[in-house]
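Text of final.cif, listed as mmCIF, N, CA and C atoms:
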```
data_structure
loop_
_atom_site.label_atom_id
_atom_site.label_comp_id
_atom_site.auth_asym_id
_atom_site.auth_seq_id
_atom_site.Cartn_x
_atom_site.Cartn_y
_atom_site.Cartn_z
N MET R 264 98.01 81.99 108.82
CA MET R 264 97.11 82.77 109.65
C MET R 264 96.19 81.81 110.42
N ALA R 265 96.10 82.00 111.73
CA ALA R 265 95.27 81.14 112.56
C ALA R 265 93.81 81.51 112.40
N THR R 266 92.96 80.49 112.41
CA THR R 266 91.53 80.76 112.33
C THR R 266 90.99 81.02 113.73
N LYS R 267 90.03 81.90 113.82
CA LYS R 267 89.42 82.24 115.10
C LYS R 267 88.59 81.07 115.59
N LYS R 268 88.82 80.68 116.84
CA LYS R 268 88.07 79.57 117.42
C LYS R 268 86.64 80.01 117.72
N LYS R 269 85.68 79.20 117.29
CA LYS R 269 84.27 79.52 117.53
C LYS R 269 83.89 79.15 118.96
N PRO R 270 83.02 79.94 119.59
CA PRO R 270 82.59 79.61 120.96
C PRO R 270 81.77 78.33 120.97
N PRO R 271 81.75 77.63 122.11
CA PRO R 271 80.95 76.40 122.18
C PRO R 271 79.47 76.70 122.01
N VAL R 272 78.77 75.74 121.43
CA VAL R 272 77.33 75.87 121.24
C VAL R 272 76.63 74.71 121.94
N MET R 273 75.36 74.90 122.25
CA MET R 273 74.58 73.86 122.90
C MET R 273 74.20 72.80 121.85
N THR R 274 74.52 71.55 122.13
CA THR R 274 74.22 70.46 121.19
C THR R 274 73.33 69.39 121.79
N GLU R 275 72.87 69.60 123.03
CA GLU R 275 71.96 68.66 123.68
C GLU R 275 70.87 69.43 124.41
N CYS R 276 69.71 68.83 124.49
CA CYS R 276 68.60 69.42 125.24
C CYS R 276 67.78 68.29 125.82
N GLU R 277 66.58 68.60 126.26
CA GLU R 277 65.65 67.59 126.74
C GLU R 277 64.34 67.74 125.98
N VAL R 278 63.72 66.62 125.66
CA VAL R 278 62.44 66.64 124.96
C VAL R 278 61.42 65.88 125.82
N LYS R 279 60.18 66.39 125.84
CA LYS R 279 59.15 65.76 126.67
C LYS R 279 58.48 64.64 125.89
N VAL R 280 58.57 63.43 126.45
CA VAL R 280 57.97 62.24 125.84
C VAL R 280 57.11 61.54 126.88
N ARG R 281 55.82 61.45 126.63
CA ARG R 281 54.87 60.80 127.54
C ARG R 281 55.02 61.32 128.97
N GLY R 282 55.15 62.64 129.11
CA GLY R 282 55.20 63.27 130.41
C GLY R 282 56.55 63.27 131.11
N ARG R 283 57.60 62.74 130.44
CA ARG R 283 58.93 62.69 131.05
C ARG R 283 59.93 63.43 130.17
N TRP R 284 60.87 64.15 130.79
CA TRP R 284 61.93 64.84 130.06
C TRP R 284 63.07 63.86 129.81
N LEU R 285 63.41 63.67 128.53
CA LEU R 285 64.46 62.74 128.14
C LEU R 285 65.56 63.48 127.39
N PRO R 286 66.83 63.02 127.52
CA PRO R 286 67.94 63.67 126.81
C PRO R 286 67.74 63.56 125.29
N CYS R 287 68.21 64.58 124.58
CA CYS R 287 68.03 64.65 123.14
C CYS R 287 69.25 65.35 122.52
N THR R 288 69.84 64.76 121.48
CA THR R 288 70.97 65.38 120.80
C THR R 288 70.47 66.38 119.76
N ILE R 289 71.37 67.20 119.24
CA ILE R 289 71.00 68.17 118.21
C ILE R 289 70.40 67.46 117.00
N TYR R 290 70.94 66.32 116.63
CA TYR R 290 70.45 65.60 115.44
C TYR R 290 69.04 65.07 115.66
N GLU R 291 68.76 64.57 116.87
CA GLU R 291 67.41 64.13 117.19
C GLU R 291 66.47 65.33 117.26
N ALA R 292 66.94 66.41 117.86
CA ALA R 292 66.11 67.61 118.00
C ALA R 292 65.72 68.19 116.65
N LEU R 293 66.61 68.11 115.68
CA LEU R 293 66.30 68.63 114.34
C LEU R 293 65.19 67.84 113.67
N THR R 294 65.04 66.57 114.02
CA THR R 294 63.97 65.76 113.42
C THR R 294 62.69 65.82 114.25
N GLU R 295 62.80 66.28 115.49
CA GLU R 295 61.64 66.37 116.40
C GLU R 295 61.26 67.82 116.65
N ARG R 296 61.32 68.65 115.66
CA ARG R 296 61.16 70.10 115.83
C ARG R 296 59.81 70.52 116.41
N ASN R 297 58.80 69.69 116.28
CA ASN R 297 57.48 70.06 116.79
C ASN R 297 57.27 69.65 118.25
N GLU R 298 58.24 68.95 118.81
CA GLU R 298 58.13 68.52 120.20
C GLU R 298 58.53 69.65 121.14
N LEU R 299 58.05 69.58 122.38
CA LEU R 299 58.41 70.55 123.40
C LEU R 299 59.84 70.25 123.86
N MET R 300 60.74 71.24 123.77
CA MET R 300 62.14 71.05 124.14
C MET R 300 62.55 72.09 125.17
N ARG R 301 63.45 71.68 126.09
CA ARG R 301 63.96 72.61 127.08
C ARG R 301 65.47 72.44 127.23
N CYS R 302 66.11 73.47 127.75
CA CYS R 302 67.54 73.46 128.03
C CYS R 302 67.80 72.49 129.19
N LYS R 303 68.83 71.67 129.05
CA LYS R 303 69.11 70.71 130.13
C LYS R 303 69.76 71.37 131.34
N TYR R 304 70.18 72.62 131.20
CA TYR R 304 70.83 73.33 132.31
C TYR R 304 69.85 74.20 133.09
N CYS R 305 69.11 75.09 132.39
CA CYS R 305 68.23 76.04 133.09
C CYS R 305 66.74 75.71 132.90
N HIS R 306 66.43 74.72 132.04
CA HIS R 306 65.07 74.26 131.75
C HIS R 306 64.22 75.28 131.00
N GLY R 307 64.84 76.29 130.43
CA GLY R 307 64.12 77.25 129.59
C GLY R 307 63.77 76.64 128.24
N PRO R 308 62.72 77.14 127.57
CA PRO R 308 62.34 76.62 126.26
C PRO R 308 63.42 76.91 125.21
N VAL R 309 63.68 75.92 124.37
CA VAL R 309 64.71 76.03 123.33
C VAL R 309 64.18 75.57 121.99
N GLN R 310 64.96 75.86 120.95
CA GLN R 310 64.66 75.38 119.61
C GLN R 310 65.95 74.87 118.97
N ALA R 311 65.81 73.93 118.03
CA ALA R 311 66.96 73.40 117.30
C ALA R 311 67.08 74.13 115.97
N LEU R 312 68.30 74.56 115.66
CA LEU R 312 68.56 75.27 114.41
C LEU R 312 69.59 74.50 113.60
N LYS R 313 69.31 74.30 112.32
CA LYS R 313 70.22 73.55 111.46
C LYS R 313 71.39 74.43 111.04
N GLU R 314 72.41 73.79 110.49
CA GLU R 314 73.58 74.50 109.99
C GLU R 314 73.16 75.47 108.90
N SER R 315 73.77 76.64 108.89
CA SER R 315 73.38 77.64 107.89
C SER R 315 74.45 77.79 106.81
N SER R 316 74.07 78.35 105.70
CA SER R 316 75.01 78.56 104.60
C SER R 316 76.01 79.67 104.93
N THR R 317 75.76 80.44 105.99
CA THR R 317 76.68 81.51 106.38
C THR R 317 77.76 81.02 107.34
N GLY R 318 77.75 79.74 107.67
CA GLY R 318 78.79 79.17 108.52
C GLY R 318 78.38 78.85 109.94
N ALA R 319 77.18 79.22 110.35
CA ALA R 319 76.72 78.88 111.71
C ALA R 319 76.53 77.38 111.82
N ARG R 320 77.05 76.81 112.89
CA ARG R 320 76.90 75.37 113.12
C ARG R 320 75.49 75.05 113.59
N ALA R 321 75.07 73.81 113.36
CA ALA R 321 73.79 73.36 113.92
C ALA R 321 73.90 73.45 115.43
N HIS R 322 72.85 73.97 116.07
CA HIS R 322 72.90 74.14 117.52
C HIS R 322 71.49 74.29 118.08
N ILE R 323 71.43 74.30 119.40
CA ILE R 323 70.17 74.51 120.12
C ILE R 323 70.30 75.86 120.82
N GLU R 324 69.25 76.68 120.73
CA GLU R 324 69.31 77.98 121.40
C GLU R 324 68.01 78.27 122.13
N HIS R 325 68.11 79.12 123.14
CA HIS R 325 66.94 79.52 123.92
C HIS R 325 65.99 80.36 123.07
N LEU R 326 64.71 80.22 123.32
CA LEU R 326 63.73 81.10 122.67
C LEU R 326 63.85 82.50 123.25
N GLN R 327 64.19 82.59 124.54
CA GLN R 327 64.42 83.87 125.20
C GLN R 327 65.71 83.73 126.01
N SER R 328 66.67 84.60 125.76
CA SER R 328 67.96 84.56 126.43
C SER R 328 67.80 84.67 127.95
N HIS R 329 68.75 84.05 128.68
CA HIS R 329 68.71 84.05 130.15
C HIS R 329 70.14 84.09 130.67
N PRO R 330 70.53 85.12 131.42
CA PRO R 330 71.91 85.25 131.90
C PRO R 330 72.31 84.19 132.93
N GLY R 331 71.36 83.45 133.47
CA GLY R 331 71.66 82.41 134.45
C GLY R 331 71.95 81.06 133.83
N CYS R 332 72.08 81.00 132.50
CA CYS R 332 72.40 79.75 131.82
C CYS R 332 73.77 79.85 131.17
N ARG R 333 74.50 78.75 131.15
CA ARG R 333 75.85 78.75 130.59
C ARG R 333 75.88 78.85 129.07
N PHE R 334 74.74 78.74 128.41
CA PHE R 334 74.67 78.92 126.95
C PHE R 334 73.68 80.01 126.61
N PRO R 335 73.98 80.94 125.75
CA PRO R 335 75.29 81.09 125.12
C PRO R 335 76.31 81.64 126.11
N VAL R 336 77.54 81.22 125.93
CA VAL R 336 78.63 81.59 126.83
C VAL R 336 78.76 83.11 126.94
N SER R 337 78.56 83.82 125.85
CA SER R 337 78.74 85.28 125.83
C SER R 337 77.75 86.03 126.72
N LYS R 338 76.64 85.39 127.09
CA LYS R 338 75.63 86.07 127.91
C LYS R 338 75.53 85.53 129.32
N PHE R 339 76.37 84.53 129.65
CA PHE R 339 76.32 83.90 130.97
C PHE R 339 76.88 84.84 132.04
N SER R 340 76.12 85.05 133.12
CA SER R 340 76.53 85.95 134.21
C SER R 340 77.57 85.32 135.13
N GLY R 341 77.71 84.00 135.05
CA GLY R 341 78.64 83.29 135.93
C GLY R 341 77.94 82.61 137.10
N VAL R 342 76.66 82.90 137.27
CA VAL R 342 75.87 82.29 138.34
C VAL R 342 74.69 81.57 137.71
N GLU R 343 74.65 80.23 137.84
CA GLU R 343 73.56 79.46 137.25
C GLU R 343 72.26 79.65 138.02
N SER R 344 71.16 79.73 137.26
CA SER R 344 69.83 79.81 137.87
C SER R 344 68.80 79.28 136.88
N LYS R 345 67.65 78.89 137.38
CA LYS R 345 66.58 78.41 136.52
C LYS R 345 66.05 79.56 135.65
N HIS R 346 65.64 79.24 134.46
CA HIS R 346 65.07 80.21 133.53
C HIS R 346 63.74 80.70 134.09
N PRO R 347 63.42 82.01 133.92
CA PRO R 347 62.13 82.50 134.42
C PRO R 347 60.92 81.83 133.75
N LEU R 348 61.13 81.26 132.56
CA LEU R 348 60.06 80.54 131.85
C LEU R 348 60.31 79.04 131.86
N ALA R 349 60.96 78.54 132.91
CA ALA R 349 61.34 77.12 133.00
C ALA R 349 60.15 76.20 132.76
N LEU R 350 60.39 75.17 131.97
CA LEU R 350 59.36 74.16 131.67
C LEU R 350 59.47 73.03 132.67
N LYS R 351 58.32 72.60 133.18
CA LYS R 351 58.30 71.49 134.17
C LYS R 351 57.78 70.23 133.57
#
```

Can I see the file as structure tokens?
Amino acid sequence: MATKKKPPVMTECEVKVRGRWLPCTIYEALTERNELMRCKYCHGPVQALKESSTGARAHIEHLQSHPGCRFPVSKFSGVESKHPLALK
């Protein structure tokens, strides 16, 4: 029996360091949880979530969903746009 393929998850974001947005991996984001983080695609605020005992992979997710962002794939409208709460 084939296993169901899981949809892609966001594993990178940006973190603000000394006034500049720098790339950040999921592993770095999990250790920097108190830092301001944004989506590298739509610039909306995000949070890092660790792997769960129910099978969810470690990933980065928006604090508020936005159809103009490619993550999560299931909610993407197909047209990219900045998040209404975009961080500058």

Using the chain letters and numbering of this document, enumerate as a PyMOL selection string the residues selected by the PyMOL selection byres (((chain R and resi 320-331 and name CA) around 10) and name CA).
-> chain R and resi 269+271-276+288-290+292-293+300-302+304-319+332-348

Test item, alpha helix (DSSP H) assignment across chain R, answer as a tab-separated table (two decimals) with N, CA and C atoms, keeping the file's coordinate frame:
```tsv
chain	number	residue	atom	x	y	z
R	289	ILE	N	71.37	67.20	119.24
R	289	ILE	CA	71.00	68.17	118.21
R	289	ILE	C	70.40	67.46	117.00
R	290	TYR	N	70.94	66.32	116.63
R	290	TYR	CA	70.45	65.60	115.44
R	290	TYR	C	69.04	65.07	115.66
R	291	GLU	N	68.76	64.57	116.87
R	291	GLU	CA	67.41	64.13	117.19
R	291	GLU	C	66.47	65.33	117.26
R	292	ALA	N	66.94	66.41	117.86
R	292	ALA	CA	66.11	67.61	118.00
R	292	ALA	C	65.72	68.19	116.65
R	293	LEU	N	66.61	68.11	115.68
R	293	LEU	CA	66.30	68.63	114.34
R	293	LEU	C	65.19	67.84	113.67
R	294	THR	N	65.04	66.57	114.02
R	294	THR	CA	63.97	65.76	113.42
R	294	THR	C	62.69	65.82	114.25
```

Can you check which residues of chain R DSSP gives as strand (DSSP E) on the backbone and send them as a PDB file with N, CA and C atoms, in the frame of the given file?
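As a result, part20.pdb now contains:
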```
ATOM      1  N   GLU R 275      72.870  69.600 123.030  1.00  0.00           N
ATOM      2  CA  GLU R 275      71.960  68.660 123.680  1.00  0.00           C
ATOM      3  C   GLU R 275      70.870  69.430 124.410  1.00  0.00           C
ATOM      4  N   CYS R 276      69.710  68.830 124.490  1.00  0.00           N
ATOM      5  CA  CYS R 276      68.600  69.420 125.240  1.00  0.00           C
ATOM      6  C   CYS R 276      67.780  68.290 125.820  1.00  0.00           C
ATOM      7  N   GLU R 277      66.580  68.600 126.260  1.00  0.00           N
ATOM      8  CA  GLU R 277      65.650  67.590 126.740  1.00  0.00           C
ATOM      9  C   GLU R 277      64.340  67.740 125.980  1.00  0.00           C
ATOM     10  N   VAL R 278      63.720  66.620 125.660  1.00  0.00           N
ATOM     11  CA  VAL R 278      62.440  66.640 124.960  1.00  0.00           C
ATOM     12  C   VAL R 278      61.420  65.880 125.820  1.00  0.00           C
ATOM     13  N   LYS R 279      60.180  66.390 125.840  1.00  0.00           N
ATOM     14  CA  LYS R 279      59.150  65.760 126.670  1.00  0.00           C
ATOM     15  C   LYS R 279      58.480  64.640 125.890  1.00  0.00           C
ATOM     16  N   VAL R 280      58.570  63.430 126.450  1.00  0.00           N
ATOM     17  CA  VAL R 280      57.970  62.240 125.840  1.00  0.00           C
ATOM     18  C   VAL R 280      57.110  61.540 126.880  1.00  0.00           C
ATOM     19  N   ARG R 283      57.600  62.740 130.440  1.00  0.00           N
ATOM     20  CA  ARG R 283      58.930  62.690 131.050  1.00  0.00           C
ATOM     21  C   ARG R 283      59.930  63.430 130.170  1.00  0.00           C
ATOM     22  N   TRP R 284      60.870  64.150 130.790  1.00  0.00           N
ATOM     23  CA  TRP R 284      61.930  64.840 130.060  1.00  0.00           C
ATOM     24  C   TRP R 284      63.070  63.860 129.810  1.00  0.00           C
ATOM     25  N   LEU R 285      63.410  63.670 128.530  1.00  0.00           N
ATOM     26  CA  LEU R 285      64.460  62.740 128.140  1.00  0.00           C
ATOM     27  C   LEU R 285      65.560  63.480 127.390  1.00  0.00           C
ATOM     28  N   PRO R 286      66.830  63.020 127.520  1.00  0.00           N
ATOM     29  CA  PRO R 286      67.940  63.670 126.810  1.00  0.00           C
ATOM     30  C   PRO R 286      67.740  63.560 125.290  1.00  0.00           C
ATOM     31  N   CYS R 287      68.210  64.580 124.580  1.00  0.00           N
ATOM     32  CA  CYS R 287      68.030  64.650 123.140  1.00  0.00           C
ATOM     33  C   CYS R 287      69.250  65.350 122.520  1.00  0.00           C
ATOM     34  N   THR R 288      69.840  64.760 121.480  1.00  0.00           N
ATOM     35  CA  THR R 288      70.970  65.380 120.800  1.00  0.00           C
ATOM     36  C   THR R 288      70.470  66.380 119.760  1.00  0.00           C
ATOM     37  N   MET R 300      60.740  71.240 123.770  1.00  0.00           N
ATOM     38  CA  MET R 300      62.140  71.050 124.140  1.00  0.00           C
ATOM     39  C   MET R 300      62.550  72.090 125.170  1.00  0.00           C
ATOM     40  N   ARG R 301      63.450  71.680 126.090  1.00  0.00           N
ATOM     41  CA  ARG R 301      63.960  72.610 127.080  1.00  0.00           C
ATOM     42  C   ARG R 301      65.470  72.440 127.230  1.00  0.00           C
ATOM     43  N   VAL R 309      63.680  75.920 124.370  1.00  0.00           N
ATOM     44  CA  VAL R 309      64.710  76.030 123.330  1.00  0.00           C
ATOM     45  C   VAL R 309      64.180  75.570 121.990  1.00  0.00           C
ATOM     46  N   GLN R 310      64.960  75.860 120.950  1.00  0.00           N
ATOM     47  CA  GLN R 310      64.660  75.380 119.610  1.00  0.00           C
ATOM     48  C   GLN R 310      65.950  74.870 118.970  1.00  0.00           C
ATOM     49  N   ALA R 311      65.810  73.930 118.030  1.00  0.00           N
ATOM     50  CA  ALA R 311      66.960  73.400 117.300  1.00  0.00           C
ATOM     51  C   ALA R 311      67.080  74.130 115.970  1.00  0.00           C
ATOM     52  N   LEU R 312      68.300  74.560 115.660  1.00  0.00           N
ATOM     53  CA  LEU R 312      68.560  75.270 114.410  1.00  0.00           C
ATOM     54  C   LEU R 312      69.590  74.500 113.600  1.00  0.00           C
ATOM     55  N   HIS R 322      72.850  73.970 116.070  1.00  0.00           N
ATOM     56  CA  HIS R 322      72.900  74.140 117.520  1.00  0.00           C
ATOM     57  C   HIS R 322      71.490  74.290 118.080  1.00  0.00           C
ATOM     58  N   ILE R 323      71.430  74.300 119.400  1.00  0.00           N
ATOM     59  CA  ILE R 323      70.170  74.510 120.120  1.00  0.00           C
ATOM     60  C   ILE R 323      70.300  75.860 120.820  1.00  0.00           C
ATOM     61  N   GLU R 324      69.250  76.680 120.730  1.00  0.00           N
ATOM     62  CA  GLU R 324      69.310  77.980 121.400  1.00  0.00           C
ATOM     63  C   GLU R 324      68.010  78.270 122.130  1.00  0.00           C
ATOM     64  N   HIS R 325      68.110  79.120 123.140  1.00  0.00           N
ATOM     65  CA  HIS R 325      66.940  79.520 123.920  1.00  0.00           C
ATOM     66  C   HIS R 325      65.990  80.360 123.070  1.00  0.00           C
TER      67      HIS R 325
END
```

### Query
What residues come out when you apply the PyMOL selection byres ((chain R and resi 278) around 6.5) to this file, written as an NGL selection string?
:R and (276-277 or 279-280 or 283-287 or 298-301)

Coordinates of box centre and edge lengths for range 277-294 of chain R, 3 Å on every side, axis-aligned, as AutoDock Vina command-line options:
```
--center_x 63.1 --center_y 64.7 --center_z 122.3 --size_x 22.5 --size_y 13.8 --size_z 23.7
```

Here atom C of Ala349 in chain R and CA of Asn297 in chain R stand apart by 17.3 Å
